[in-house]
$ cat coords08.cif   # mmCIF, C-alpha atoms
data_input
#
loop_
_atom_site.label_atom_id
_atom_site.label_comp_id
_atom_site.auth_asym_id
_atom_site.auth_seq_id
_atom_site.Cartn_x
_atom_site.Cartn_y
_atom_site.Cartn_z
CA MET W 1 14.54 -10.41 0.13
CA ALA W 2 11.68 -12.71 0.79
CA ALA W 3 13.36 -14.64 3.58
CA TRP W 4 11.98 -14.42 7.08
CA ARG W 5 14.52 -13.31 9.65
CA VAL W 6 14.38 -13.75 13.40
CA ALA W 7 14.50 -10.37 15.09
CA THR W 8 15.12 -9.74 18.77
CA VAL W 9 13.08 -7.16 20.61
CA VAL W 10 15.63 -4.82 22.17
CA GLU W 11 13.06 -2.74 24.00
CA THR W 12 9.50 -1.57 23.88
CA VAL W 13 8.78 2.06 24.71
CA PRO W 14 5.24 3.29 25.39
CA GLU W 15 4.79 6.27 23.11
CA THR W 16 1.20 7.32 23.68
CA VAL W 17 -1.76 5.67 25.39
CA HIS W 18 -2.31 3.64 22.23
CA ALA W 19 1.11 3.34 20.64
CA VAL W 20 4.37 1.60 21.43
CA THR W 21 7.78 1.92 19.84
CA ILE W 22 9.23 -1.54 19.26
CA ARG W 23 12.99 -1.53 18.81
CA LEU W 24 14.26 -4.56 16.95
CA GLU W 25 17.65 -5.95 16.17
CA VAL W 26 17.60 -7.92 12.94
CA PRO W 27 20.74 -9.92 12.17
CA ASP W 28 21.77 -9.57 8.53
CA TRP W 29 19.20 -6.84 7.89
CA PRO W 30 20.06 -5.70 4.37
CA GLY W 31 19.24 -2.06 5.15
CA HIS W 32 16.23 -0.05 4.15
CA ILE W 33 15.28 3.19 2.49
CA ALA W 34 13.18 5.64 4.49
CA GLY W 35 9.52 4.99 3.68
CA GLN W 36 9.78 1.23 3.28
CA HIS W 37 7.91 -1.29 5.41
CA LEU W 38 8.34 -4.84 6.59
CA ASP W 39 6.15 -7.83 7.26
CA LEU W 40 6.04 -9.07 10.84
CA ARG W 41 4.84 -12.55 11.75
CA LEU W 42 3.65 -13.93 15.08
CA THR W 43 3.22 -17.65 15.66
CA ALA W 44 1.06 -19.24 18.35
CA GLU W 45 2.08 -22.38 20.22
CA ASP W 46 -0.04 -24.58 17.98
CA GLY W 47 1.65 -23.23 14.86
CA TYR W 48 -1.06 -20.77 13.83
CA SER W 49 0.54 -17.60 12.53
CA ALA W 50 -0.57 -14.13 11.54
CA GLN W 51 1.41 -11.52 9.67
CA ARG W 52 0.98 -7.79 9.14
CA SER W 53 2.85 -5.02 7.38
CA TYR W 54 4.38 -2.20 9.42
CA SER W 55 6.14 0.90 8.20
CA ILE W 56 9.66 1.36 9.49
CA ALA W 57 9.89 4.45 11.68
CA SER W 58 13.66 4.70 11.98
CA ALA W 59 16.23 6.02 9.57
CA PRO W 60 18.59 3.40 8.17
CA ASP W 61 20.81 2.34 11.08
CA GLY W 62 22.55 -0.97 10.56
CA GLU W 63 20.60 -3.84 12.08
CA ARG W 64 18.43 -1.64 14.30
CA ILE W 65 14.83 -0.97 13.32
CA ASP W 66 12.11 0.94 15.13
CA LEU W 67 8.44 0.25 14.53
CA ASP W 68 5.66 2.39 15.96
CA VAL W 69 2.66 0.16 16.48
CA VAL W 70 -0.72 1.63 17.31
CA ARG W 71 -3.08 -0.63 19.17
CA LEU W 72 -6.34 -1.48 17.42
CA ASP W 73 -8.57 -2.89 20.13
CA ASP W 74 -10.27 -5.34 17.82
CA GLY W 75 -7.06 -6.19 15.99
CA GLU W 76 -5.45 -9.57 15.93
CA VAL W 77 -1.77 -8.66 16.03
CA SER W 78 -1.43 -5.13 17.43
CA PRO W 79 -2.86 -5.88 20.91
CA TYR W 80 -0.16 -8.52 21.37
CA LEU W 81 2.59 -6.25 20.06
CA THR W 82 1.57 -3.29 22.20
CA THR W 83 0.74 -5.18 25.40
CA ASP W 84 2.45 -8.56 25.59
CA LEU W 85 5.71 -8.13 23.71
CA GLU W 86 8.78 -7.71 25.90
CA ALA W 87 12.48 -7.07 25.50
CA GLY W 88 14.23 -10.31 24.61
CA ASP W 89 11.26 -11.75 22.72
CA LEU W 90 11.78 -13.00 19.20
CA VAL W 91 9.56 -12.13 16.24
CA GLU W 92 9.91 -12.91 12.58
CA VAL W 93 10.26 -10.15 10.02
CA ARG W 94 10.98 -9.92 6.34
CA GLY W 95 11.86 -6.98 4.20
CA PRO W 96 12.51 -4.24 3.51
CA LEU W 97 9.48 -4.01 1.25
CA GLY W 98 8.13 -1.37 -1.09
CA GLY W 99 10.27 0.52 -3.54
CA TYR W 100 8.00 3.42 -4.43
CA PHE W 101 6.96 5.31 -1.31
CA THR W 102 10.58 6.08 -0.52
CA TRP W 103 12.68 9.18 -0.01
CA GLU W 104 16.05 9.12 -1.72
CA PRO W 105 18.58 11.34 0.08
CA ALA W 106 20.14 12.25 -3.26
CA ASP W 107 16.88 13.87 -4.41
CA PRO W 108 17.69 17.61 -4.39
CA ARG W 109 14.06 18.72 -4.56
CA PRO W 110 12.12 20.03 -1.58
CA THR W 111 9.95 17.39 0.04
CA LEU W 112 6.52 17.81 1.57
CA LEU W 113 5.41 15.08 3.96
CA VAL W 114 1.76 14.87 4.95
CA GLY W 115 0.72 12.24 7.46
CA GLY W 116 -2.55 11.40 9.19
CA GLY W 117 -2.50 9.42 12.43
CA SER W 118 -0.04 6.55 12.34
CA GLY W 119 0.47 7.38 8.67
CA VAL W 120 3.19 9.66 9.99
CA VAL W 121 5.45 6.67 10.66
CA PRO W 122 7.13 6.21 7.24
CA LEU W 123 7.37 10.01 6.99
CA LEU W 124 9.13 10.10 10.35
CA ALA W 125 11.75 7.76 8.91
CA MET W 126 12.27 10.22 6.05
CA LEU W 127 12.54 13.22 8.39
CA ARG W 128 14.93 11.35 10.68
CA HIS W 129 17.10 10.32 7.77
CA HIS W 130 17.08 13.84 6.37
CA ALA W 131 18.22 15.16 9.76
CA ALA W 132 20.82 12.43 10.25
CA LEU W 133 22.40 13.32 6.90
CA ASP W 134 21.80 17.03 7.46
CA ARG W 135 20.56 17.46 3.93
CA PRO W 136 20.21 21.08 2.78
CA SER W 137 17.05 20.54 0.71
CA GLY W 138 13.84 21.59 2.43
CA MET W 139 11.66 18.96 4.10
CA HIS W 140 8.39 19.96 5.73
CA LEU W 141 6.12 17.62 7.65
CA VAL W 142 2.44 18.28 8.19
CA TYR W 143 1.07 15.83 10.73
CA SER W 144 -2.61 15.48 11.54
CA ALA W 145 -3.47 13.86 14.85
CA ARG W 146 -6.68 13.66 16.84
CA THR W 147 -5.47 15.18 20.09
CA ALA W 148 -2.17 16.36 21.56
CA GLY W 149 -2.00 13.07 23.46
CA ASP W 150 -2.04 11.11 20.21
CA VAL W 151 1.01 12.84 18.72
CA LEU W 152 3.83 10.35 18.28
CA HIS W 153 7.36 11.50 19.18
CA ARG W 154 6.27 15.05 19.89
CA ASP W 155 9.47 16.12 21.64
CA GLU W 156 11.63 14.61 18.94
CA LEU W 157 9.53 16.27 16.23
CA ALA W 158 10.13 19.63 17.87
CA ALA W 159 13.87 18.95 17.87
CA LEU W 160 13.86 17.80 14.25
CA ALA W 161 12.23 21.05 13.14
CA SER W 162 15.30 23.12 12.52
CA GLY W 163 17.21 24.50 9.55
CA PRO W 164 15.67 23.19 6.35
CA ARG W 165 13.23 21.02 8.28
CA ALA W 166 9.85 22.20 9.55
CA VAL W 167 7.05 20.41 11.37
CA THR W 168 3.43 21.47 11.62
CA VAL W 169 1.06 19.45 13.77
CA THR W 170 -2.67 19.91 13.36
CA LEU W 171 -5.18 18.50 15.83
CA THR W 172 -8.63 17.55 14.61
CA ARG W 173 -10.34 16.73 17.91
CA ASP W 174 -8.64 19.02 20.36
CA ALA W 175 -10.68 22.16 20.96
CA GLY W 176 -7.97 23.55 23.16
CA ALA W 177 -5.20 23.18 20.61
CA ALA W 178 -2.52 25.69 21.53
CA PRO W 179 0.83 26.49 19.93
CA PRO W 180 2.85 24.71 18.69
CA PHE W 181 -0.25 22.84 17.56
CA ARG W 182 -2.80 24.10 15.09
CA ARG W 183 -6.42 23.22 15.22
CA GLY W 184 -8.40 21.76 12.34
CA ARG W 185 -7.88 19.59 9.32
CA VAL W 186 -5.10 19.56 6.78
CA ASP W 187 -6.77 21.44 3.97
CA ARG W 188 -5.69 23.43 0.97
CA THR W 189 -4.99 26.51 3.07
CA VAL W 190 -2.64 24.65 5.40
CA LEU W 191 -0.91 22.91 2.50
CA ALA W 192 -0.45 26.17 0.59
CA GLU W 193 1.00 27.82 3.65
CA VAL W 194 3.30 25.04 4.79
CA GLY W 195 4.21 23.50 1.45
CA TRP W 196 5.92 24.82 -1.62
CA PRO W 197 4.26 26.38 -4.65
CA ALA W 198 3.71 23.95 -7.48
CA ASP W 199 6.41 25.57 -9.63
CA ALA W 200 9.00 24.55 -7.03
CA ALA W 201 8.01 20.97 -7.98
CA PRO W 202 8.33 19.47 -4.51
CA ARG W 203 8.09 15.74 -4.06
CA CYS W 204 4.99 15.09 -1.94
CA PHE W 205 4.46 12.02 0.23
CA VAL W 206 1.00 11.49 1.71
CA CYS W 207 0.22 8.64 4.11
CA GLY W 208 -2.75 7.93 6.31
CA PRO W 209 -6.28 6.58 6.35
CA THR W 210 -7.98 6.52 2.96
CA PRO W 211 -10.28 9.56 3.41
CA PHE W 212 -7.33 11.64 4.66
CA VAL W 213 -5.13 10.64 1.74
CA GLU W 214 -7.94 11.21 -0.75
CA ALA W 215 -8.56 14.72 0.58
CA VAL W 216 -4.90 15.74 0.82
CA ALA W 217 -3.91 14.30 -2.56
CA GLU W 218 -6.86 16.02 -4.20
CA ALA W 219 -5.95 19.32 -2.52
CA LEU W 220 -2.33 19.03 -3.67
CA VAL W 221 -3.39 18.35 -7.26
CA GLY W 222 -5.81 21.27 -6.92
CA LEU W 223 -2.87 23.49 -5.91
CA GLY W 224 -1.20 22.57 -9.18
CA HIS W 225 1.15 19.78 -8.13
CA ALA W 226 1.69 17.15 -10.79
CA PRO W 227 -0.09 13.92 -9.83
CA ALA W 228 3.13 12.02 -10.56
CA ASP W 229 4.87 14.04 -7.83
CA VAL W 230 2.29 13.06 -5.23
CA ARG W 231 3.07 9.64 -3.83
CA THR W 232 0.51 8.08 -1.56
CA GLU W 233 0.20 5.23 0.84
CA ARG W 234 -3.20 4.45 2.30
CA PHE W 235 -4.42 2.13 4.95
CA GLY W 236 -7.87 1.32 6.16
CA PRO W 237 -8.98 1.00 9.76
CA THR W 238 -8.44 -2.73 9.52
CA GLY W 239 -5.07 -4.28 9.81
CA GLY W 240 -4.74 -4.95 13.54
CA MET J 1 19.04 -23.39 14.77
CA GLU J 2 20.73 -25.40 12.12
CA GLY J 3 20.44 -26.56 8.57
CA ASP J 4 18.49 -24.12 6.43
CA GLY J 5 18.76 -21.36 8.99
CA THR J 6 15.07 -21.34 9.78
CA ARG J 7 14.13 -21.51 13.38
CA LYS J 8 10.89 -22.36 15.05
CA ILE J 9 9.58 -19.24 16.67
CA VAL J 10 6.72 -19.34 19.13
CA ASN J 11 5.29 -16.13 20.51
CA ARG J 12 4.18 -17.25 23.92
CA GLY J 13 0.71 -16.08 24.78
CA PHE J 14 -0.14 -15.19 21.21
CA ARG J 15 -3.46 -16.80 20.39
CA GLY J 16 -4.44 -15.08 17.20
CA ARG J 17 -7.88 -15.19 15.80
CA ARG J 18 -8.56 -18.18 13.61
CA ALA J 19 -10.70 -17.30 10.66
CA GLY J 20 -14.30 -17.96 11.58
CA THR J 21 -14.98 -19.36 8.16
CA ALA J 22 -14.81 -22.74 6.53
CA VAL J 23 -13.27 -21.17 3.47
CA PRO J 24 -9.51 -21.59 3.43
CA LEU J 25 -7.48 -18.44 2.77
CA PRO J 26 -4.21 -18.26 0.87
CA PRO J 27 -1.15 -18.48 3.15
CA GLY J 28 -0.44 -15.38 5.23
CA GLN J 29 -3.80 -13.73 4.50
CA TYR J 30 -6.45 -12.55 6.94
CA LEU J 31 -10.09 -11.67 6.41
CA VAL J 32 -11.48 -8.15 6.29
CA GLU J 33 -15.06 -7.02 6.11
CA ASP J 34 -14.44 -3.51 4.78
CA PHE J 35 -12.66 -2.66 1.57
CA PRO J 36 -9.21 -1.11 2.04
CA VAL J 37 -7.89 1.20 -0.66
CA LEU J 38 -4.33 1.08 -1.93
CA SER J 39 -3.08 3.37 -4.67
CA ALA J 40 0.31 4.86 -5.42
CA GLY J 41 -0.94 8.38 -6.11
CA PRO J 42 -3.93 10.69 -6.16
CA THR J 43 -7.24 9.31 -7.36
CA PRO J 44 -7.53 10.52 -10.94
CA SER J 45 -10.53 12.41 -12.16
CA VAL J 46 -11.76 10.52 -15.20
CA SER J 47 -14.22 12.00 -17.69
CA LEU J 48 -16.55 9.55 -19.38
CA GLU J 49 -16.71 11.92 -22.36
CA THR J 50 -13.10 11.24 -23.24
CA TRP J 51 -12.71 7.80 -21.68
CA ASP J 52 -11.78 4.98 -23.99
CA LEU J 53 -10.44 1.47 -23.69
CA THR J 54 -7.94 0.35 -26.26
CA VAL J 55 -6.13 -2.81 -27.24
CA VAL J 56 -2.76 -2.33 -28.93
CA ASP J 57 -1.38 -5.33 -30.77
CA VAL J 58 2.27 -6.41 -30.86
CA ASP J 59 2.97 -4.29 -33.95
CA GLY J 60 1.73 -1.13 -32.22
CA THR J 61 -1.56 -0.84 -34.04
CA VAL J 62 -4.71 -0.05 -32.11
CA THR J 63 -6.68 -3.16 -32.92
CA ARG J 64 -9.71 -2.41 -30.70
CA ARG J 65 -11.13 0.76 -29.18
CA TRP J 66 -14.32 1.34 -27.25
CA THR J 67 -15.76 4.63 -26.00
CA TRP J 68 -17.68 4.51 -22.71
CA PRO J 69 -21.11 4.02 -24.38
CA GLU J 70 -19.65 1.38 -26.68
CA PHE J 71 -18.01 -0.41 -23.76
CA ARG J 72 -21.21 -0.35 -21.73
CA ALA J 73 -23.12 -1.79 -24.66
CA LEU J 74 -20.97 -4.93 -24.57
CA PRO J 75 -22.37 -8.01 -22.89
CA SER J 76 -21.50 -7.98 -19.20
CA GLU J 77 -21.85 -10.41 -16.35
CA ASP J 78 -22.09 -10.47 -12.58
CA VAL J 79 -19.27 -12.22 -10.81
CA VAL J 80 -18.83 -13.05 -7.15
CA VAL J 81 -15.22 -13.64 -6.27
CA ASP J 82 -12.75 -13.63 -3.38
CA ILE J 83 -9.98 -11.07 -3.59
CA HIS J 84 -6.54 -11.18 -2.01
CA CYS J 85 -4.30 -8.15 -1.53
CA VAL J 86 -0.54 -8.53 -1.19
CA THR J 87 -0.77 -6.42 1.98
CA GLN J 88 -2.34 -9.52 3.52
CA TRP J 89 -6.06 -8.81 3.55
CA SER J 90 -8.56 -11.00 1.80
CA LYS J 91 -12.19 -10.24 1.21
CA LEU J 92 -14.64 -13.00 0.40
CA GLY J 93 -17.64 -12.93 -1.87
CA THR J 94 -17.14 -9.54 -3.52
CA ARG J 95 -19.77 -8.85 -6.19
CA TRP J 96 -18.82 -7.11 -9.41
CA THR J 97 -20.35 -6.39 -12.78
CA GLY J 98 -18.14 -6.16 -15.80
CA VAL J 99 -17.20 -7.24 -19.28
CA SER J 100 -15.25 -10.45 -19.60
CA LEU J 101 -11.83 -10.18 -21.20
CA ASP J 102 -12.99 -13.04 -23.42
CA VAL J 103 -15.40 -10.52 -24.94
CA LEU J 104 -12.73 -7.82 -25.25
CA LEU J 105 -9.80 -9.89 -26.46
CA GLY J 106 -11.28 -13.20 -27.49
CA ASP J 107 -11.56 -12.63 -31.21
CA ILE J 108 -8.23 -10.86 -31.73
CA ASP J 109 -5.81 -12.82 -33.87
CA THR J 110 -2.45 -12.09 -32.25
CA THR J 111 0.93 -13.65 -31.69
CA ALA J 112 1.07 -12.09 -28.21
CA GLU J 113 1.56 -14.20 -25.11
CA PHE J 114 1.66 -11.35 -22.59
CA ALA J 115 -0.24 -8.19 -21.85
CA LEU J 116 0.79 -4.96 -20.21
CA VAL J 117 -2.29 -3.43 -18.65
CA VAL J 118 -2.22 0.35 -18.89
CA ALA J 119 -4.15 2.61 -16.52
CA GLU J 120 -4.54 6.31 -15.74
CA GLY J 121 -1.42 7.98 -14.42
CA ASP J 122 0.91 5.65 -16.32
CA TYR J 123 0.23 2.78 -13.92
CA THR J 124 0.94 -0.55 -15.54
CA THR J 125 0.82 -4.21 -14.58
CA ASN J 126 1.81 -7.28 -16.57
CA LEU J 127 0.21 -10.67 -16.96
CA PRO J 128 0.38 -13.63 -19.27
CA LEU J 129 -2.43 -13.34 -21.79
CA ALA J 130 -3.66 -16.75 -20.68
CA ASP J 131 -4.48 -15.28 -17.26
CA LEU J 132 -6.82 -12.77 -18.84
CA LEU J 133 -8.76 -15.28 -20.91
CA GLY J 134 -10.94 -18.28 -20.15
CA GLY J 135 -13.38 -16.62 -17.75
CA LYS J 136 -10.65 -15.43 -15.39
CA ALA J 137 -10.71 -11.65 -15.86
CA TRP J 138 -13.10 -8.76 -16.35
CA VAL J 139 -13.16 -5.02 -16.82
CA ALA J 140 -15.54 -4.19 -13.98
CA TYR J 141 -17.64 -1.05 -13.79
CA ALA J 142 -19.91 -1.83 -10.85
CA TYR J 143 -19.31 -3.07 -7.32
CA ASP J 144 -22.13 -4.46 -5.23
CA GLY J 145 -24.65 -3.15 -7.72
CA ASP J 146 -23.45 0.46 -7.72
CA ASP J 147 -21.17 2.37 -10.05
CA LEU J 148 -17.58 1.68 -9.12
CA GLU J 149 -16.34 4.50 -6.89
CA PRO J 150 -13.29 6.45 -8.09
CA GLU J 151 -11.15 5.42 -5.13
CA HIS J 152 -11.80 1.78 -5.98
CA GLY J 153 -10.90 2.30 -9.63
CA GLY J 154 -14.03 3.80 -11.17
CA PRO J 155 -15.25 4.23 -13.76
CA ALA J 156 -13.71 0.86 -14.64
CA ARG J 157 -10.98 -1.38 -13.34
CA LEU J 158 -9.49 -4.69 -14.25
CA LEU J 159 -10.58 -7.62 -12.09
CA VAL J 160 -8.26 -10.64 -12.04
CA PRO J 161 -9.22 -12.26 -8.74
CA HIS J 162 -6.98 -15.31 -8.99
CA LEU J 163 -3.88 -13.11 -8.66
CA TYR J 164 -2.91 -10.62 -5.94
CA PHE J 165 -5.11 -7.59 -6.27
CA TRP J 166 -2.50 -5.13 -7.51
CA LYS J 167 -2.82 -6.96 -10.82
CA SER J 168 -6.44 -5.78 -10.93
CA ALA J 169 -5.45 -2.33 -12.17
CA LYS J 170 -7.72 0.54 -11.19
CA TRP J 171 -8.77 3.10 -13.80
CA VAL J 172 -7.83 0.73 -16.61
CA ARG J 173 -7.56 2.27 -20.05
CA GLY J 174 -6.01 -0.37 -22.25
CA PHE J 175 -4.12 -3.51 -22.97
CA GLN J 176 -0.82 -3.59 -24.78
CA LEU J 177 -0.29 -7.05 -26.25
CA LEU J 178 3.30 -8.24 -26.17
CA THR J 179 5.37 -11.18 -27.31
CA GLU J 180 7.75 -10.67 -24.38
CA ASP J 181 6.88 -10.11 -20.75
CA THR J 182 7.53 -6.59 -19.43
CA PRO J 183 7.39 -5.84 -15.70
CA GLY J 184 4.75 -3.30 -14.71
CA PHE J 185 4.78 -0.64 -12.01
CA TRP J 186 4.90 -2.71 -8.80
CA GLU J 187 6.57 -5.63 -10.52
CA ALA J 188 9.55 -3.35 -11.22
CA VAL J 189 9.95 -2.29 -7.58
CA GLY J 190 10.03 -5.54 -5.70
CA TYR J 191 6.70 -7.24 -6.18
CA HIS J 192 6.42 -10.66 -7.75
CA ASN J 193 6.11 -10.82 -11.51
CA TYR J 194 3.17 -13.24 -11.45
CA GLY J 195 1.58 -12.88 -7.99
CA ASP J 196 -0.28 -16.11 -7.24
CA PRO J 197 -1.67 -15.75 -3.69
CA TRP J 198 -1.98 -19.51 -3.21
CA ARG J 199 1.76 -19.86 -3.79
CA GLU J 200 2.34 -16.69 -1.76
CA GLN J 201 4.20 -14.99 -4.57
CA ARG J 202 4.30 -11.57 -2.93
CA TYR J 203 7.79 -10.35 -3.63
CA TRP J 204 10.74 -10.92 -5.87
CA ASP J 205 12.29 -14.32 -5.07
CA ASP J 206 9.10 -15.72 -3.50
#
$ encode --input "coords08.cif" --output "structure tokens"
Amino acid sequence: MAAWRVATVVETVPETVHAVTIRLEVPDWPGHIAGQHLDLRLTAEDGYSAQRSYSIASAPDGERIDLDVVRLDDGEVSPYLTTDLEAGDLVEVRGPLGGYFTWEPADPRPTLLVGGGSGVVPLLAMLRHHAALDRPSGMHLVYSARTAGDVLHRDELAALASGPRAVTVTLTRDAGAAPPFRRGRVDRTVLAEVGWPADAAPRCFVCGPTPFVEAVAEALVGLGHAPADVRTERFGPTGG
Amino acid sequence: MEGDGTRKIVNRGFRGRRAGTAVPLPPGQYLVEDFPVLSAGPTPSVSLETWDLTVVDVDGTVTRRWTWPEFRALPSEDVVVDIHCVTQWSKLGTRWTGVSLDVLLGDIDTTAEFALVVAEGDYTTNLPLADLLGGKAWVAYAYDGDDLEPEHGGPARLLVPHLYFWKSAKWVRGFQLLTEDTPGFWEAVGYHNYGDPWREQRYWDD
């Protein structure tokens, strides 16, 4: 599991002004569970290398993997990935990594996904996998973005929201937020409305910047959800 | 591409940003200035009224127990250390105040060679006892001169800076002494059992 593999960039797709979907083909990829991440390594001509962790955005699909990389202007790795990387390029990856922040398709319980910013990426993998398998258990995504232009995969999210799946997008910096978007922050009211009552014992996955995760996890516990049912993944503004 | 299957990859045009410091970092790490937070669940709300720190010996007996005032009355020290997270960030020169594990465990007569560190929310992590003793580990209650914030593990967390930082369990509540090693929370789901950043022991099989 720790071995580095050489992945080929199949294509790069601009997703928003700041984010790019990077589609990789990884020979001998052992397969992943939705929610897992990988390490990606870039190497300069003089041998200097830098590695970062990225959540996998795609549902398990053989040797194909999608990453959604958001550009951090002062980052070291993301500017290269979002600007310079081209189809046919090779990058090194290893994984899949992380065995806790994962959605198991066999889990019959309803699942609440709450993502802030690019924290939606591992949750997107869960929603995609849920849809691909057409699982009957409920899965609701609450996604907080700054503006409508920052929403990743907005058309696909609309398509995924059917049957047992629902998607709510809240915009924090968009005064003109109009349906299907809501305006404001993901607070207790939103979570109570979109989620399940605590006695339904949903599995909750929360991912995003630290203050977002702190606030959402605290609100969920405040609504009566068992802390052990609230799984979190946090990232700071650094990482680039 | 032959032999061991590794292949020299060069990402043309990638310059990277060499660390602007003379201090070498463990392999694969990069420097941060802020202090990222990583936890598997909600930040627990810990009451100092009921807080205690316990040491359970190999036979299951509670051999030591401190309440918060008792713990804070123990001799403590300031330490300035570099910390390395398995998610690849390193932070240099972090300043903590805490009680050395030599103070907490030093005078216990035990046959144990391992410890399972137990924290709020059933979080655990395992280490050889030798890695907790000899001036290598602390239970820290202050960071940079201020009370340790809850999201960083307050009121008190373990600090074992020579290993990847997940070993430095937040919200620590006790030590279970063991004769046999028992994988903790992350160690059971893919992370290295020991976690030496200088040998880049991030994951199983590293």
$ interface_residues --input "coords08.cif" --of "chain W" --to "chain J" --cutoff "6 Å" --atoms "only C-alpha atoms" --output "PDB file with C-alpha atoms, in the coordinates of the input"
ATOM      1  CA  ALA W   2      11.680 -12.710   0.790  1.00  0.00           C
ATOM      2  CA  THR W  43       3.220 -17.650  15.660  1.00  0.00           C
ATOM      3  CA  ALA W  44       1.060 -19.240  18.350  1.00  0.00           C
ATOM      4  CA  GLU W  45       2.080 -22.380  20.220  1.00  0.00           C
ATOM      5  CA  GLU W  76      -5.450  -9.570  15.930  1.00  0.00           C
ATOM      6  CA  GLY W  99      10.270   0.520  -3.540  1.00  0.00           C
ATOM      7  CA  ALA W 217      -3.910  14.300  -2.560  1.00  0.00           C
ATOM      8  CA  VAL W 230       2.290  13.060  -5.230  1.00  0.00           C
ATOM      9  CA  ARG W 231       3.070   9.640  -3.830  1.00  0.00           C
ATOM     10  CA  THR W 232       0.510   8.080  -1.560  1.00  0.00           C
ATOM     11  CA  ARG W 234      -3.200   4.450   2.300  1.00  0.00           C
ATOM     12  CA  GLY W 236      -7.870   1.320   6.160  1.00  0.00           C
TER      13      GLY W 236
END
$ closest_residue --input "coords08.cif" --among "W:Ser78, W:Ser162, W:Thr170, W:Thr12" --to "W:Leu40" --atoms "all atoms listed in the file"
W:Ser78
$ atom_distance --input "coords08.cif" --atom1 "atom CA of J:Asp102" --atom2 "atom CA of J:Val79"
14.1 Å
$ residues_around --input "coords08.cif" --residues "W:Ala145" --least-positions-apart "3" --cutoff "7 Å" --atoms "all atoms listed in the file" --output "number ranges by chain"
W: 116-117, 150-151, 170-172
$ write_last_selection --input "coords08.cif" --atoms "C-alpha atoms" --output "PDB file, in the coordinates of the input"
ATOM      1  CA  GLY W 116      -2.550  11.400   9.190  1.00  0.00           C
ATOM      2  CA  GLY W 117      -2.500   9.420  12.430  1.00  0.00           C
ATOM      3  CA  ASP W 150      -2.040  11.110  20.210  1.00  0.00           C
ATOM      4  CA  VAL W 151       1.010  12.840  18.720  1.00  0.00           C
ATOM      5  CA  THR W 170      -2.670  19.910  13.360  1.00  0.00           C
ATOM      6  CA  LEU W 171      -5.180  18.500  15.830  1.00  0.00           C
ATOM      7  CA  THR W 172      -8.630  17.550  14.610  1.00  0.00           C
TER       8      THR W 172
END
$ resolve_selection --input "coords08.cif" --expression "the PyMOL selection byres ((chain J and resi 111) around 8)" --output "VMD selection string"
chain J and resid 58 109 to 110 112 to 113 179
$ atom_distance --input "coords08.cif" --atom1 "atom CA of J:Val81" --atom2 "atom CA of J:Val99"
14.6 Å
$ residues_around --input "coords08.cif" --residues "W:Val186" --least-positions-apart "3" --cutoff "9 Å" --atoms "only C-alpha atoms" --output "PyMOL selection string"
chain W and resi 114+116+142-144+170+172+189-191+212+215-216
$ residues_around --input "coords08.cif" --residues "J:Gly145" --least-positions-apart "6" --cutoff "9 Å" --atoms "only C-alpha atoms" --output "ChimeraX atom specification"
/J:95-97
$ build_atoms --input "coords08.cif" --residues "stretch 71-81 of chain J" --atoms "N, CA and C atoms" --output "compact mmCIF listing (two decimals), keeping the file's coordinate frame"
# COMPACT_ATOMS: atom_id res chain seq x y z
N PHE J 71 -18.44 0.59 -24.75
CA PHE J 71 -18.01 -0.41 -23.76
C PHE J 71 -19.20 -0.91 -22.96
N ARG J 72 -20.07 0.04 -22.55
CA ARG J 72 -21.21 -0.35 -21.73
C ARG J 72 -22.27 -1.12 -22.51
N ALA J 73 -22.17 -1.04 -23.83
CA ALA J 73 -23.12 -1.79 -24.66
C ALA J 73 -22.68 -3.24 -24.85
N LEU J 74 -21.46 -3.55 -24.44
CA LEU J 74 -20.97 -4.93 -24.57
C LEU J 74 -21.67 -5.82 -23.55
N PRO J 75 -21.76 -7.10 -23.87
CA PRO J 75 -22.37 -8.01 -22.89
C PRO J 75 -21.54 -8.05 -21.60
N SER J 76 -22.23 -7.95 -20.47
CA SER J 76 -21.50 -7.98 -19.20
C SER J 76 -22.07 -9.07 -18.32
N GLU J 77 -21.38 -9.36 -17.25
CA GLU J 77 -21.85 -10.41 -16.35
C GLU J 77 -21.56 -10.04 -14.91
N ASP J 78 -22.33 -10.64 -14.01
CA ASP J 78 -22.09 -10.47 -12.58
C ASP J 78 -21.15 -11.58 -12.13
N VAL J 79 -20.16 -11.21 -11.36
CA VAL J 79 -19.27 -12.22 -10.81
C VAL J 79 -19.12 -12.01 -9.32
N VAL J 80 -19.06 -13.10 -8.60
CA VAL J 80 -18.83 -13.05 -7.15
C VAL J 80 -17.53 -13.79 -6.89
N VAL J 81 -16.56 -13.07 -6.40
CA VAL J 81 -15.22 -13.64 -6.27
C VAL J 81 -14.57 -13.22 -4.95
